[in-house]
Structure formats: structure tokens, C-alpha cells
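File shown: upload.cif. Contents: mmCIF, C-alpha atoms (C1' of nucleotides).
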data_protein
#
loop_
_atom_site.label_atom_id
_atom_site.label_comp_id
_atom_site.auth_asym_id
_atom_site.auth_seq_id
_atom_site.Cartn_x
_atom_site.Cartn_y
_atom_site.Cartn_z
CA MET A 1 20.99 -12.00 -1.95
CA GLN A 2 22.23 -9.74 0.82
CA ARG A 3 22.28 -6.80 -1.52
CA MET A 4 18.69 -7.54 -2.44
CA GLN A 5 17.65 -7.65 1.19
CA ILE A 6 19.42 -4.43 2.13
CA THR A 7 18.04 -2.56 -0.84
CA GLY A 8 14.64 -4.10 -0.22
CA LEU A 9 14.56 -2.99 3.39
CA ASN A 10 15.57 0.54 2.47
CA LEU A 11 12.86 0.85 -0.13
CA PHE A 12 10.19 -0.84 1.98
CA TYR A 13 11.12 1.46 4.83
CA LYS A 14 10.98 4.61 2.75
CA GLN A 15 8.01 3.82 0.53
CA GLY A 16 6.14 1.12 2.42
CA TYR A 17 5.74 -2.52 1.52
CA TYR A 18 2.61 -2.29 -0.58
CA ASN A 19 3.84 0.82 -2.26
CA THR A 20 7.12 -0.73 -3.36
CA SER A 21 7.04 -3.11 -6.29
CA VAL A 22 9.46 -5.93 -6.83
CA ASP A 23 10.41 -4.17 -10.05
CA ASP A 24 11.34 -1.05 -8.07
CA ILE A 25 13.82 -3.03 -6.04
CA LEU A 26 15.24 -4.83 -9.05
CA LYS A 27 15.56 -1.59 -10.98
CA SER A 28 17.69 0.02 -8.29
CA LEU A 29 19.85 -3.10 -8.27
CA SER A 30 19.99 -3.54 -12.05
CA LEU A 31 18.75 -7.06 -11.66
CA SER A 32 15.97 -8.96 -13.33
CA LYS A 33 12.85 -10.74 -12.21
CA GLY A 34 14.56 -14.07 -12.69
CA ALA A 35 17.24 -13.24 -10.20
CA PHE A 36 14.65 -12.30 -7.62
CA TYR A 37 12.44 -15.33 -7.96
CA TYR A 38 15.44 -17.58 -8.05
CA HIS A 39 16.27 -16.61 -4.48
CA PHE A 40 12.84 -15.95 -3.03
CA GLN A 41 9.52 -17.66 -3.42
CA SER A 42 7.44 -14.53 -3.31
CA LYS A 43 7.46 -10.90 -2.31
CA GLU A 44 6.11 -11.91 1.08
CA ASP A 45 8.74 -14.59 1.54
CA PHE A 46 11.35 -12.00 0.63
CA PHE A 47 10.05 -9.60 3.24
CA ILE A 48 10.00 -12.23 5.96
CA SER A 49 13.63 -13.05 5.22
CA ILE A 50 14.42 -9.35 5.62
CA ILE A 51 12.66 -9.22 8.97
CA GLN A 52 14.64 -12.13 10.32
CA ASN A 53 18.01 -11.41 8.77
CA LEU A 54 18.20 -7.65 9.04
CA LEU A 55 15.46 -6.07 11.08
CA PHE A 56 15.61 -8.35 14.08
CA LYS A 57 19.39 -8.33 14.31
CA LYS A 58 19.52 -4.57 14.00
CA ILE A 59 17.01 -4.02 16.75
CA TYR A 60 18.52 -6.70 18.92
CA SER A 61 22.00 -5.25 18.74
CA SER A 62 20.92 -1.67 19.28
CA LEU A 63 18.08 -1.93 21.76
CA ILE A 64 18.16 -5.29 23.45
CA GLU A 65 21.69 -6.61 23.81
CA PRO A 66 23.17 -3.48 25.43
CA ILE A 67 20.69 -3.73 28.29
CA GLU A 68 21.01 -7.44 28.93
CA GLY A 69 22.85 -8.34 32.11
CA GLN A 70 23.99 -4.81 32.86
CA ARG A 71 23.50 -3.12 36.17
CA GLY A 72 21.29 -0.05 36.55
CA PRO A 73 18.65 -0.79 33.93
CA LEU A 74 17.19 2.68 33.80
CA THR A 75 20.46 4.27 32.77
CA GLN A 76 21.06 1.50 30.25
CA ILE A 77 17.63 1.92 28.73
CA GLU A 78 18.10 5.66 28.60
CA ASN A 79 21.38 5.25 26.73
CA CYS A 80 19.97 2.75 24.29
CA ILE A 81 17.06 4.95 23.41
CA GLU A 82 19.24 8.01 23.16
CA ASN A 83 21.60 6.20 20.80
CA ALA A 84 18.73 4.89 18.72
CA LEU A 85 17.25 8.37 18.40
CA GLU A 86 20.71 9.75 17.67
CA THR A 87 21.28 7.49 14.68
CA ALA A 88 17.71 8.09 13.59
CA GLU A 89 18.46 11.80 13.61
CA HIS A 90 21.60 11.65 11.51
CA ASN A 91 21.17 8.62 9.34
CA ASN A 92 18.24 8.18 7.06
CA GLU A 93 19.11 4.56 6.47
CA ASP A 94 19.24 3.53 10.09
CA TYR A 95 16.26 1.18 9.62
CA GLY A 96 15.40 3.20 12.71
CA PHE A 97 12.02 2.25 13.66
CA ALA A 98 11.06 0.59 10.51
CA LEU A 99 9.44 -1.84 12.92
CA SER A 100 6.70 0.55 14.00
CA ASN A 101 6.07 1.61 10.42
CA PHE A 102 5.66 -1.97 9.35
CA ILE A 103 3.45 -2.79 12.29
CA THR A 104 0.99 -0.09 11.34
CA GLU A 105 1.20 -1.08 7.69
CA PHE A 106 0.47 -4.76 8.22
CA ASN A 107 -1.94 -4.39 11.10
CA GLY A 108 -5.04 -6.37 10.29
CA ARG A 109 -3.86 -7.00 6.75
CA ASN A 110 -1.29 -9.72 6.93
CA PRO A 111 -1.46 -11.81 10.10
CA GLU A 112 1.57 -13.90 9.22
CA ILE A 113 3.91 -10.96 8.83
CA MET A 114 2.37 -9.32 11.90
CA GLN A 115 3.35 -12.38 13.87
CA TYR A 116 7.01 -11.93 12.96
CA LEU A 117 6.92 -8.24 13.77
CA ASN A 118 5.19 -8.75 17.08
CA ASP A 119 7.74 -11.38 18.00
CA ILE A 120 10.47 -8.77 17.79
CA LEU A 121 8.51 -6.39 19.99
CA LYS A 122 7.89 -9.21 22.43
CA VAL A 123 11.59 -9.99 22.74
CA TRP A 124 12.28 -6.35 23.48
CA GLU A 125 9.47 -6.18 26.02
CA VAL A 126 10.54 -9.32 27.85
CA ASN A 127 14.09 -8.06 27.99
CA LEU A 128 12.99 -4.73 29.42
CA ILE A 129 10.84 -6.41 32.05
CA THR A 130 13.62 -8.77 33.11
CA SER A 131 16.08 -5.91 33.43
CA LEU A 132 13.66 -3.84 35.46
CA GLN A 133 12.95 -6.71 37.81
CA LYS A 134 16.63 -7.29 38.28
CA GLY A 135 16.96 -3.56 38.91
CA LYS A 136 14.59 -3.90 41.83
CA THR A 137 16.72 -6.44 43.64
CA GLU A 138 19.75 -4.26 43.04
CA GLY A 139 17.98 -1.21 44.40
CA PHE A 140 17.91 0.79 41.19
CA VAL A 141 14.18 0.46 40.72
CA ASN A 142 11.42 1.11 43.21
CA ARG A 143 10.11 -2.19 44.56
CA HIS A 144 6.50 -1.20 43.92
CA THR A 145 7.09 -0.52 40.27
CA ASP A 146 4.96 -2.42 37.76
CA SER A 147 7.78 -3.52 35.46
CA GLU A 148 5.44 -4.66 32.71
CA ALA A 149 3.66 -1.34 32.63
CA VAL A 150 6.93 0.58 32.56
CA ALA A 151 8.20 -1.56 29.69
CA THR A 152 5.00 -0.92 27.74
CA TYR A 153 5.21 2.78 28.42
CA VAL A 154 8.83 2.96 27.28
CA ILE A 155 8.08 1.04 24.11
CA SER A 156 4.98 2.98 23.22
CA SER A 157 6.56 6.36 23.77
CA PHE A 158 9.52 5.27 21.68
CA ILE A 159 7.32 4.09 18.84
CA GLY A 160 5.40 7.34 19.03
CA ILE A 161 8.42 9.62 19.02
CA ARG A 162 9.91 7.74 16.09
CA THR A 163 6.69 8.21 14.19
CA LEU A 164 6.82 11.94 14.85
CA MET A 165 10.51 12.21 14.03
CA VAL A 166 10.19 11.35 10.38
CA GLU A 167 8.35 14.54 9.59
CA GLY A 168 9.16 16.85 12.48
CA ASN A 169 12.40 18.33 13.77
CA PRO A 170 14.33 15.23 14.86
CA LYS A 171 16.88 17.03 17.00
CA LEU A 172 14.27 18.93 18.97
CA LEU A 173 12.02 15.91 19.33
CA LYS A 174 14.87 13.79 20.55
CA TYR A 175 15.82 16.40 23.11
CA LYS A 176 12.27 16.70 24.41
CA HIS A 177 11.81 12.98 24.56
CA MET A 178 15.00 12.25 26.48
CA GLN A 179 14.26 15.05 28.90
CA GLN A 180 10.82 13.72 29.73
CA LEU A 181 11.96 10.11 29.78
CA ARG A 182 14.46 11.05 32.49
CA HIS A 183 11.72 12.80 34.45
CA TYR A 184 9.60 9.73 34.17
CA PHE A 185 12.44 7.45 35.21
CA LYS A 186 13.01 9.56 38.30
CA MET A 187 9.55 8.49 39.36
CA VAL A 188 10.28 4.87 38.57
CA SER A 189 13.47 4.81 40.61
CA GLN A 190 12.24 6.89 43.52
CA LYS A 191 12.69 5.13 46.83
CA GLU A 192 9.80 6.67 48.78
CA ASN A 193 6.08 6.05 48.00
CA VAL A 194 4.73 4.37 44.84
CA MET B 1 -21.46 11.76 -0.14
CA GLN B 2 -21.36 11.42 3.63
CA ARG B 3 -21.92 7.69 3.39
CA MET B 4 -19.00 7.49 0.97
CA GLN B 5 -16.76 9.39 3.35
CA ILE B 6 -17.69 7.34 6.39
CA THR B 7 -17.25 4.05 4.55
CA GLY B 8 -14.05 5.35 3.01
CA LEU B 9 -12.56 6.30 6.34
CA ASN B 10 -13.42 2.93 7.84
CA LEU B 11 -11.81 1.04 5.02
CA PHE B 12 -8.79 3.31 4.80
CA TYR B 13 -8.35 2.94 8.53
CA LYS B 14 -8.62 -0.83 8.48
CA GLN B 15 -6.73 -1.61 5.30
CA GLY B 16 -4.64 1.46 4.69
CA TYR B 17 -4.99 4.04 1.95
CA TYR B 18 -2.82 2.45 -0.70
CA ASN B 19 -4.20 -0.96 0.06
CA THR B 20 -7.81 0.11 -0.37
CA SER B 21 -9.06 0.59 -3.89
CA VAL B 22 -11.82 2.93 -4.91
CA ASP B 23 -13.64 -0.15 -6.13
CA ASP B 24 -13.44 -1.68 -2.67
CA ILE B 25 -15.23 1.30 -1.21
CA LEU B 26 -17.83 1.38 -3.95
CA LYS B 27 -18.45 -2.33 -3.67
CA SER B 28 -19.27 -2.11 0.01
CA LEU B 29 -21.63 0.76 -0.80
CA SER B 30 -23.14 -0.87 -3.89
CA LEU B 31 -22.24 2.15 -5.93
CA SER B 32 -20.40 2.61 -9.18
CA LYS B 33 -17.41 4.54 -10.36
CA GLY B 34 -19.63 7.17 -11.90
CA ALA B 35 -21.12 8.03 -8.53
CA PHE B 36 -17.68 8.40 -6.99
CA TYR B 37 -16.12 10.57 -9.65
CA TYR B 38 -19.21 12.69 -9.83
CA HIS B 39 -18.60 13.83 -6.26
CA PHE B 40 -14.81 13.71 -6.00
CA GLN B 41 -12.06 14.64 -8.39
CA SER B 42 -9.70 11.86 -7.39
CA LYS B 43 -8.94 9.32 -4.71
CA GLU B 44 -6.57 11.82 -3.12
CA ASP B 45 -9.17 14.58 -3.21
CA PHE B 46 -11.61 12.16 -1.61
CA PHE B 47 -9.19 11.37 1.17
CA ILE B 48 -8.47 15.00 1.90
CA SER B 49 -12.18 15.68 2.20
CA ILE B 50 -12.36 12.82 4.72
CA ILE B 51 -9.53 14.28 6.75
CA GLN B 52 -11.18 17.66 7.00
CA ASN B 53 -14.77 16.59 7.38
CA LEU B 54 -14.43 13.54 9.60
CA LEU B 55 -11.00 12.97 11.03
CA PHE B 56 -10.28 16.47 12.22
CA LYS B 57 -13.71 16.96 13.76
CA LYS B 58 -13.56 13.61 15.52
CA ILE B 59 -10.17 14.28 17.02
CA TYR B 60 -11.04 17.82 17.90
CA SER B 61 -14.17 16.88 19.77
CA SER B 62 -12.58 13.98 21.64
CA LEU B 63 -9.06 15.15 22.40
CA ILE B 64 -8.88 18.91 22.04
CA GLU B 65 -12.14 20.59 22.91
CA PRO B 66 -12.61 18.88 26.32
CA ILE B 67 -9.30 20.31 27.53
CA GLU B 68 -9.76 23.83 26.28
CA GLY B 69 -10.39 26.40 28.94
CA GLN B 70 -10.81 23.88 31.75
CA ARG B 71 -8.97 24.10 35.03
CA GLY B 72 -6.48 21.44 36.10
CA PRO B 73 -5.06 20.48 32.69
CA LEU B 74 -3.39 17.26 33.85
CA THR B 75 -6.63 15.73 35.04
CA GLN B 76 -8.38 16.87 31.88
CA ILE B 77 -5.71 15.39 29.65
CA GLU B 78 -5.81 12.17 31.62
CA ASN B 79 -9.56 11.92 31.17
CA CYS B 80 -9.40 12.66 27.46
CA ILE B 81 -6.79 10.03 26.83
CA GLU B 82 -8.59 7.51 28.99
CA ASN B 83 -11.82 8.13 27.09
CA ALA B 84 -10.05 7.85 23.78
CA LEU B 85 -8.43 4.57 24.75
CA GLU B 86 -11.76 3.40 26.14
CA THR B 87 -13.59 3.89 22.85
CA ALA B 88 -10.58 2.44 21.05
CA GLU B 89 -10.94 -0.63 23.23
CA HIS B 90 -14.63 -1.23 22.67
CA ASN B 91 -15.36 0.27 19.32
CA ASN B 92 -13.56 -0.82 16.23
CA GLU B 93 -14.83 2.16 14.32
CA ASP B 94 -13.62 4.81 16.71
CA TYR B 95 -11.42 6.40 14.02
CA GLY B 96 -9.25 6.13 17.11
CA PHE B 97 -5.87 6.80 16.01
CA ALA B 98 -6.41 6.54 12.38
CA LEU B 99 -4.30 9.68 12.46
CA SER B 100 -1.13 7.94 13.54
CA ASN B 101 -1.68 5.13 11.07
CA PHE B 102 -2.09 7.59 8.24
CA ILE B 103 0.94 9.56 9.32
CA THR B 104 3.18 6.53 9.10
CA GLU B 105 1.59 5.53 5.82
CA PHE B 106 2.03 8.87 4.07
CA ASN B 107 5.34 9.80 5.64
CA GLY B 108 7.71 10.72 2.84
CA ARG B 109 5.27 9.53 0.22
CA ASN B 110 2.66 12.22 -0.11
CA PRO B 111 3.73 15.62 1.22
CA GLU B 112 0.37 17.27 0.55
CA ILE B 113 -1.61 14.80 2.62
CA MET B 114 1.11 14.82 5.29
CA GLN B 115 0.56 18.55 5.58
CA TYR B 116 -3.10 18.07 6.42
CA LEU B 117 -2.32 15.32 8.92
CA ASN B 118 0.44 17.28 10.60
CA ASP B 119 -1.87 20.25 10.90
CA ILE B 120 -4.21 18.20 13.06
CA LEU B 121 -1.33 17.09 15.28
CA LYS B 122 -0.16 20.68 15.52
CA VAL B 123 -3.55 21.89 16.70
CA TRP B 124 -3.54 19.23 19.38
CA GLU B 125 0.00 20.08 20.43
CA VAL B 126 -0.64 23.80 20.65
CA ASN B 127 -3.74 23.17 22.69
CA LEU B 128 -1.87 20.94 25.11
CA ILE B 129 0.91 23.48 25.54
CA THR B 130 -1.53 26.31 26.16
CA SER B 131 -3.39 24.30 28.76
CA LEU B 132 -0.19 23.31 30.52
CA GLN B 133 1.02 26.90 30.63
CA LYS B 134 -2.29 28.01 32.04
CA GLY B 135 -1.96 25.19 34.56
CA LYS B 136 1.26 26.72 35.79
CA THR B 137 -0.33 30.03 36.70
CA GLU B 138 -3.13 28.16 38.44
CA GLY B 139 -0.68 26.08 40.41
CA PHE B 140 -1.56 22.72 38.89
CA VAL B 141 1.69 22.37 37.01
CA ASN B 142 5.22 22.80 38.29
CA ARG B 143 6.61 26.19 37.17
CA HIS B 144 9.79 24.64 35.87
CA THR B 145 7.99 22.24 33.56
CA ASP B 146 8.84 22.36 29.88
CA SER B 147 5.29 22.42 28.55
CA GLU B 148 6.34 21.76 24.98
CA ALA B 149 8.29 18.69 25.96
CA VAL B 150 5.44 17.36 28.07
CA ALA B 151 3.01 17.87 25.20
CA THR B 152 5.31 16.00 22.85
CA TYR B 153 5.76 13.19 25.32
CA VAL B 154 2.03 12.85 25.86
CA ILE B 155 1.35 12.80 22.13
CA SER B 156 4.10 10.36 21.27
CA SER B 157 3.21 7.91 24.01
CA PHE B 158 -0.41 8.07 22.92
CA ILE B 159 0.47 7.42 19.29
CA GLY B 160 2.64 4.54 20.38
CA ILE B 161 0.10 2.90 22.63
CA ARG B 162 -2.56 3.18 19.93
CA THR B 163 -0.21 1.47 17.52
CA LEU B 164 0.30 -1.36 19.98
CA MET B 165 -3.38 -1.62 20.83
CA VAL B 166 -4.50 -2.73 17.42
CA GLU B 167 -2.78 -6.06 17.75
CA GLY B 168 -2.21 -6.50 21.46
CA ASN B 169 -4.58 -6.81 24.40
CA PRO B 170 -6.30 -3.41 24.39
CA LYS B 171 -7.70 -3.58 27.89
CA LEU B 172 -4.38 -4.48 29.46
CA LEU B 173 -2.46 -1.95 27.38
CA LYS B 174 -4.90 0.77 28.29
CA TYR B 175 -4.57 -0.05 31.97
CA LYS B 176 -0.78 0.00 31.85
CA HIS B 177 -0.68 3.20 29.89
CA MET B 178 -3.01 5.12 32.17
CA GLN B 179 -1.17 3.89 35.22
CA GLN B 180 2.18 5.10 33.97
CA LEU B 181 0.77 8.31 32.57
CA ARG B 182 -0.45 9.17 36.07
CA HIS B 183 2.97 8.38 37.52
CA TYR B 184 4.51 10.65 34.95
CA PHE B 185 2.01 13.41 35.62
CA LYS B 186 2.85 13.22 39.30
CA MET B 187 6.33 14.32 38.34
CA VAL B 188 4.99 17.09 36.14
CA SER B 189 2.77 18.52 38.84
CA GLN B 190 5.16 18.09 41.76
CA LYS B 191 5.79 21.31 43.61
CA GLU B 192 9.30 20.63 44.89
CA ASN B 193 12.37 20.44 42.59
CA VAL B 194 12.28 20.10 38.79
"C1'" DT C 1 35.93 -33.34 -21.38
"C1'" DC C 2 31.30 -33.86 -20.31
"C1'" DT C 3 27.66 -32.93 -17.16
"C1'" DT C 4 25.33 -30.71 -13.74
"C1'" DT C 5 24.50 -26.76 -10.81
"C1'" DT C 6 24.25 -21.90 -9.87
"C1'" DA C 7 22.80 -17.51 -10.80
"C1'" DC C 8 20.66 -14.85 -13.77
"C1'" DC C 9 17.92 -12.80 -18.06
"C1'" DG C 10 13.73 -10.84 -20.13
"C1'" DA C 11 9.61 -11.65 -22.44
"C1'" DC C 12 5.06 -12.91 -21.20
"C1'" DT C 13 0.56 -13.69 -18.58
"C1'" DA C 14 -3.23 -12.74 -15.83
"C1'" DC C 15 -4.85 -9.33 -13.15
"C1'" DT C 16 -5.59 -4.80 -10.50
"C1'" DC C 17 -6.26 0.04 -10.06
"C1'" DG C 18 -7.17 4.95 -10.88
"C1'" DG C 19 -9.51 7.40 -13.99
"C1'" DT C 20 -12.56 8.45 -18.43
"C1'" DT C 21 -16.43 8.15 -21.38
"C1'" DT C 22 -20.86 7.32 -22.66
"C1'" DG C 23 -25.39 6.17 -21.60
"C1'" DT C 24 -29.50 5.93 -18.47
"C1'" DT C 25 -32.93 7.24 -15.04
"C1'" DC C 26 -34.95 10.22 -12.21
"C1'" DT C 27 -36.32 15.04 -10.62
"C1'" DT C 28 -36.97 19.78 -11.30
"C1'" DT C 29 -37.85 23.73 -14.01
"C1'" DT C 30 -40.05 26.29 -17.64
"C1'" DA D 1 -45.15 18.21 -22.14
"C1'" DA D 2 -40.42 19.39 -23.13
"C1'" DA D 3 -35.95 20.69 -21.82
"C1'" DA D 4 -32.27 20.62 -18.46
"C1'" DG D 5 -29.54 18.92 -15.21
"C1'" DA D 6 -28.48 16.04 -11.15
"C1'" DA D 7 -27.04 11.45 -9.72
"C1'" DC D 8 -25.76 7.57 -10.97
"C1'" DA D 9 -24.49 2.82 -13.99
"C1'" DA D 10 -21.58 0.22 -17.10
"C1'" DA D 11 -18.10 -0.53 -20.09
"C1'" DC D 12 -13.73 0.60 -21.00
"C1'" DC D 13 -8.51 2.41 -21.09
"C1'" DG D 14 -3.78 2.27 -20.04
"C1'" DA D 15 -0.37 1.94 -16.82
"C1'" DG D 16 1.19 -0.80 -13.55
"C1'" DT D 17 1.91 -5.51 -10.57
"C1'" DA D 18 3.17 -10.20 -8.90
"C1'" DG D 19 4.60 -14.10 -10.56
"C1'" DT D 20 5.98 -17.70 -14.59
"C1'" DC D 21 8.84 -19.82 -17.82
"C1'" DG D 22 12.09 -21.07 -21.40
"C1'" DG D 23 16.52 -20.08 -22.06
"C1'" DT D 24 21.79 -19.10 -21.07
"C1'" DA D 25 26.53 -18.28 -19.53
"C1'" DA D 26 29.85 -19.55 -16.40
"C1'" DA D 27 31.62 -22.22 -12.88
"C1'" DA D 28 32.14 -26.69 -10.33
"C1'" DG D 29 32.31 -31.67 -10.22
"C1'" DA D 30 32.99 -36.06 -12.32
#
What's the C-alpha cells form of this structure?
Amino acid sequence: MQRMQITGLNLFYKQGYYNTSVDDILKSLSLSKGAFYYHFQSKEDFFISIIQNLLFKKIYSSLIEPIEGQRGPLTQIENCIENALETAEHNNEDYGFALSNFITEFNGRNPEIMQYLNDILKVWEVNLITSLQKGKTEGFVNRHTDSEAVATYVISSFIGIRTLMVEGNPKLLKYKHMQQLRHYFKMVSQKENV
Amino acid sequence: MQRMQITGLNLFYKQGYYNTSVDDILKSLSLSKGAFYYHFQSKEDFFISIIQNLLFKKIYSSLIEPIEGQRGPLTQIENCIENALETAEHNNEDYGFALSNFITEFNGRNPEIMQYLNDILKVWEVNLITSLQKGKTEGFVNRHTDSEAVATYVISSFIGIRTLMVEGNPKLLKYKHMQQLRHYFKMVSQKENV
DNA sequence: TCTTTTACCGACTACTCGGTTTGTTCTTTT
DNA sequence: AAAAGAACAAACCGAGTAGTCGGTAAAAGA
């Protein structure tokens, strides 16, 4: 079952959900239809199990957990994103931002799956906001900062850069992104004015 | 032919390329297969014609042309992005960032189409860089700014926010994005330090 | 030992999709 | 009026696709 899910995620990530047939997955596993439908009710059910068992945990452990409860949220966020982009650069099977790929693929097509995907994003967002707010009381973040807006901006720029990275020069893109993120964070942490 | 392309782009945008059949398009036009294959060699050929005839022109006129040759690039870019997000908010058929959807959909699956899509991004990027450089000599942009990195950051955050906007609250997301973009641009234009 | 459960096989069905072929209806040209 | 071609319609092809179903081998309980 785990093997199926891992292989499934890899193929869905590389080829897209609708563009990957159940047979494709089974072929690369040397398994049969029977094996698949013994464990999962449908292709959709299979995908949802992947989201919850693999995708969420991966994102949680790489982007959410490391920030939680730490001091100096901006530095923590910076590191997390740098690490995520680092693995994305070197490892094709990082499940990197499979999430953003899937979101665009299922947008307006499969509300149920979209719900699961959005939930993951929401957890990340809430975590970012909480950390930023905490950062204010600790003096790391400017008091006038709109934490929600910063969280959204961080997430959207990350999704965007990951989209660009698949086809462009990952190393260069990562460098540019981190450089500008730090510039931006300077503004967020600045003591004087808004 | 034009009707086919417009309808095609709308459906491809809403449902995705692989998830939209030629029959779907023809059904909503009350046309038959014969009509389609009289004008286009294949579904792929059809899509490429849409990219060049509709997508590129739309993006060029909304995001590229308004910046070209104007003074004060940061303000111009701000306005362009705000307008783009504005139409994205109110008009479902804005072709808004169809581009980023298509890029994620074709990534690693269809190199030829990816080429066409990347070309559009490249034109936008080059235009942004040129404007930023010009902005330096005119004193609108800090001399030490890495124009290429700023361009990448602007593009990636825009792609990301457009991805989020399809499912989230567009008005709120737009507001947050513009707010933070302005903060970021403050840093880019700042005279003192890097 | 006998029975049930677990995990799997692979042929089969109903259906979809891109693309082809052939036929029809106009309009234009000669 | 006749021929030619443009612009479509309709039926069809073959390669896939998700999902079903009867069967089976091996292990676990009883």
C-alpha cells in the first residue's frame, strides 16, 4: 500500500493526476488492477489517501513544524523556504511543491480534492500568522505589520517560484528568490515607520 | 475560427487542457468534428494557435505594453498588477493567469507547448528588467538593486497570488498582495543602503 | 486439519477521446 | 447552368481508461 502511494505521488506529480492512469502506476509497480482496487475504492480515494498520508506530512515537517514555537520567525521562515528550495533544486522526487501543481490542476474541477489541498495551505498560513504575531511581542517583527498579508505574500511568492523552478534554472531562481525575500523581510522587521 | 479559439481558451482555462475534450468545445459551439479539423490540424495545433493569437496578445496588452517606455517603473508595475488582479477579481473570463495554470499543466509533459508559454514569460521578464534598469538612471530605483531578481520576484509572487485567487477570497487576496507589493517596492526604491 | 482472511491476478465491460472518412450544403467562379 | 471548392455534418475507428468480477495462493485462526 505504501509503495503504491509513493509511486502514485511521484507519477501524479510528474505527469499530473488526470494524465496518469491507474494502469501507469500499476505497470511501474508490476501489480495488477485487483491489487489496486483491493486497497482503494477509486482513483480519487487513492489520491486523497496520498494527500493525507504523504503530502501533508511532508509539507508539515518541512515548512510548518520547524517554525512552530521558535523565536525570530522571519529567520525561521527564511531557513524553511531556503531548505525547501534547496531540496527542490537537487531532488526531483522531493514532492516539492506538488501542492501548488495539484491546486491548479483541481481548481474548479474537483471541489472535494480542492478542499483537502486548501486545508494544507490553511494550516501553513495559520502557522505563519501565529509565528509572525508572536514575533511582534518579541520585537522581531514591526508592530504595524499585517501578519495575514505577510503570510499570504510569502506563500504566494513561494508557490510562484516553485512553478517557475520546474522549467527554469533552479539554482539561479532560488538565489534570486532568497535575496529578494530577505529584502522584503527587512521591511517587515524594520522598527521605524510602517 | 475566432469563436472556436475564444471558446477553447475559456474551457481550457477553466477545466485544463487534458481535461477538456475537443468534443466539449464543439458541443458548446454546436459544431462538429469536421468543422474543427477543417481549421486545425490537431488539438495541440489548436492550442498553440490560441496561445499566439489570444493569450500572448492579452498578456502583452495588459502587463507588458503599459510599462514600456513609461517613467517611474515601480508605479507602472504596481498599476499593471493591480489592474490585472482587478479584472481577475471581477471577470471570470479574464484569461487572467491562464498562463500560470498552463505552465504547471504542461510542465515536463509537453516541451513544445512549454516553449511557447515560457516565451511569453520571458518577454514579460525582459520588459520588467529593462524598465527597472531605466528606472535606475532616472532615480526611481536604487542603483544597487538586482533588477533581474526583482523581476523574478514580482513574476513569481504574481503567479502565486493568481493561483490562490481562483479558490480563495479574491478581493481580500488582492488587497493583501498589493499592500505587501508596495512595502516591497519601498525597499527597492529606497535611496539609502542596499 | 479445516476454514476463513488477506492480498493479489487478469480478463472483461462500458465508455471516452483524438482523429479519419465520407457525405452534404452552400457559395463562388466560369 | 455546371463545375469547383469552401465549410461544415455524421458516422465511425482504434487506442486508451476507470472500474468490475470470478478466481487463487498462501497465511492465520480454529
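Selection check: the PyMOL selection byres ((chain A) within 8 of (chain C)) on the shown file gives A:Ser32, A:Lys33, A:Gly34, A:Ala35, A:Tyr38.
Residues from chain B that have an atom within 6 Å of chain A, counting only C-alpha atoms, are Asn101, Thr104, Ala149, Ser156, Ser157, Ile159, Gly160, Ile161, Lys176 and Tyr184 of chain B.
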### Query
Any idea what the distance is between atom CA of Ser131 of chain A and atom CA of Glu65 of chain A?
11.2 Å
### Query
Which residues fall under the PyMOL selection byres ((chain D) within 12 of (chain A)) in this file, as a VMD selection string?
chain D and resid 16 to 23
### Query
If the PyMOL selection byres ((chain A and resi 54-56) around 12) is run on the structure shown, which residues does it catch, given as an MDAnalysis selection string?
chainID A and resid 2:10 12:13 46:53 57:65 94:100 102 116:124
### Query
Of the candidates B:Leu128, B:His144, B:Gly139, B:Phe36, which shows the shortest atom-to-atom distance to Cys80 of chain B, using only C-alpha atoms?
B:Leu128
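Note that the spacing between atom C1' of DA25 of chain D and atom CA of Asp24 of chain A amounts to 25.7 Å.
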Box centre and edge lengths (Å, one decimal), axis-aligned, segment 149-161 of chain B plus 3 Å each side, as AutoDock Vina command-line options:
--center_x 3.9 --center_y 10.8 --center_z 23.7 --size_x 14.7 --size_y 21.8 --size_z 14.8
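Residues of protein, DNA and RNA with at least one atom no farther than 6 Å from (0.7, 19.0, 39.1) are, using all atoms listed in the file, Phe140, Val141, Asn142, Val188, Ser189 and Gln190 of chain B.
Computed from the coordinates, the atom CA of Leu132 of chain B to atom CA of Leu74 of chain B distance equals 7.6 Å.
Remark: for Gln76 of chain B, the closest of the candidate residues B:Met1, B:Leu31, B:Asn169, B:Gly135 is B:Gly135 (distances computed over all atoms listed in the file).
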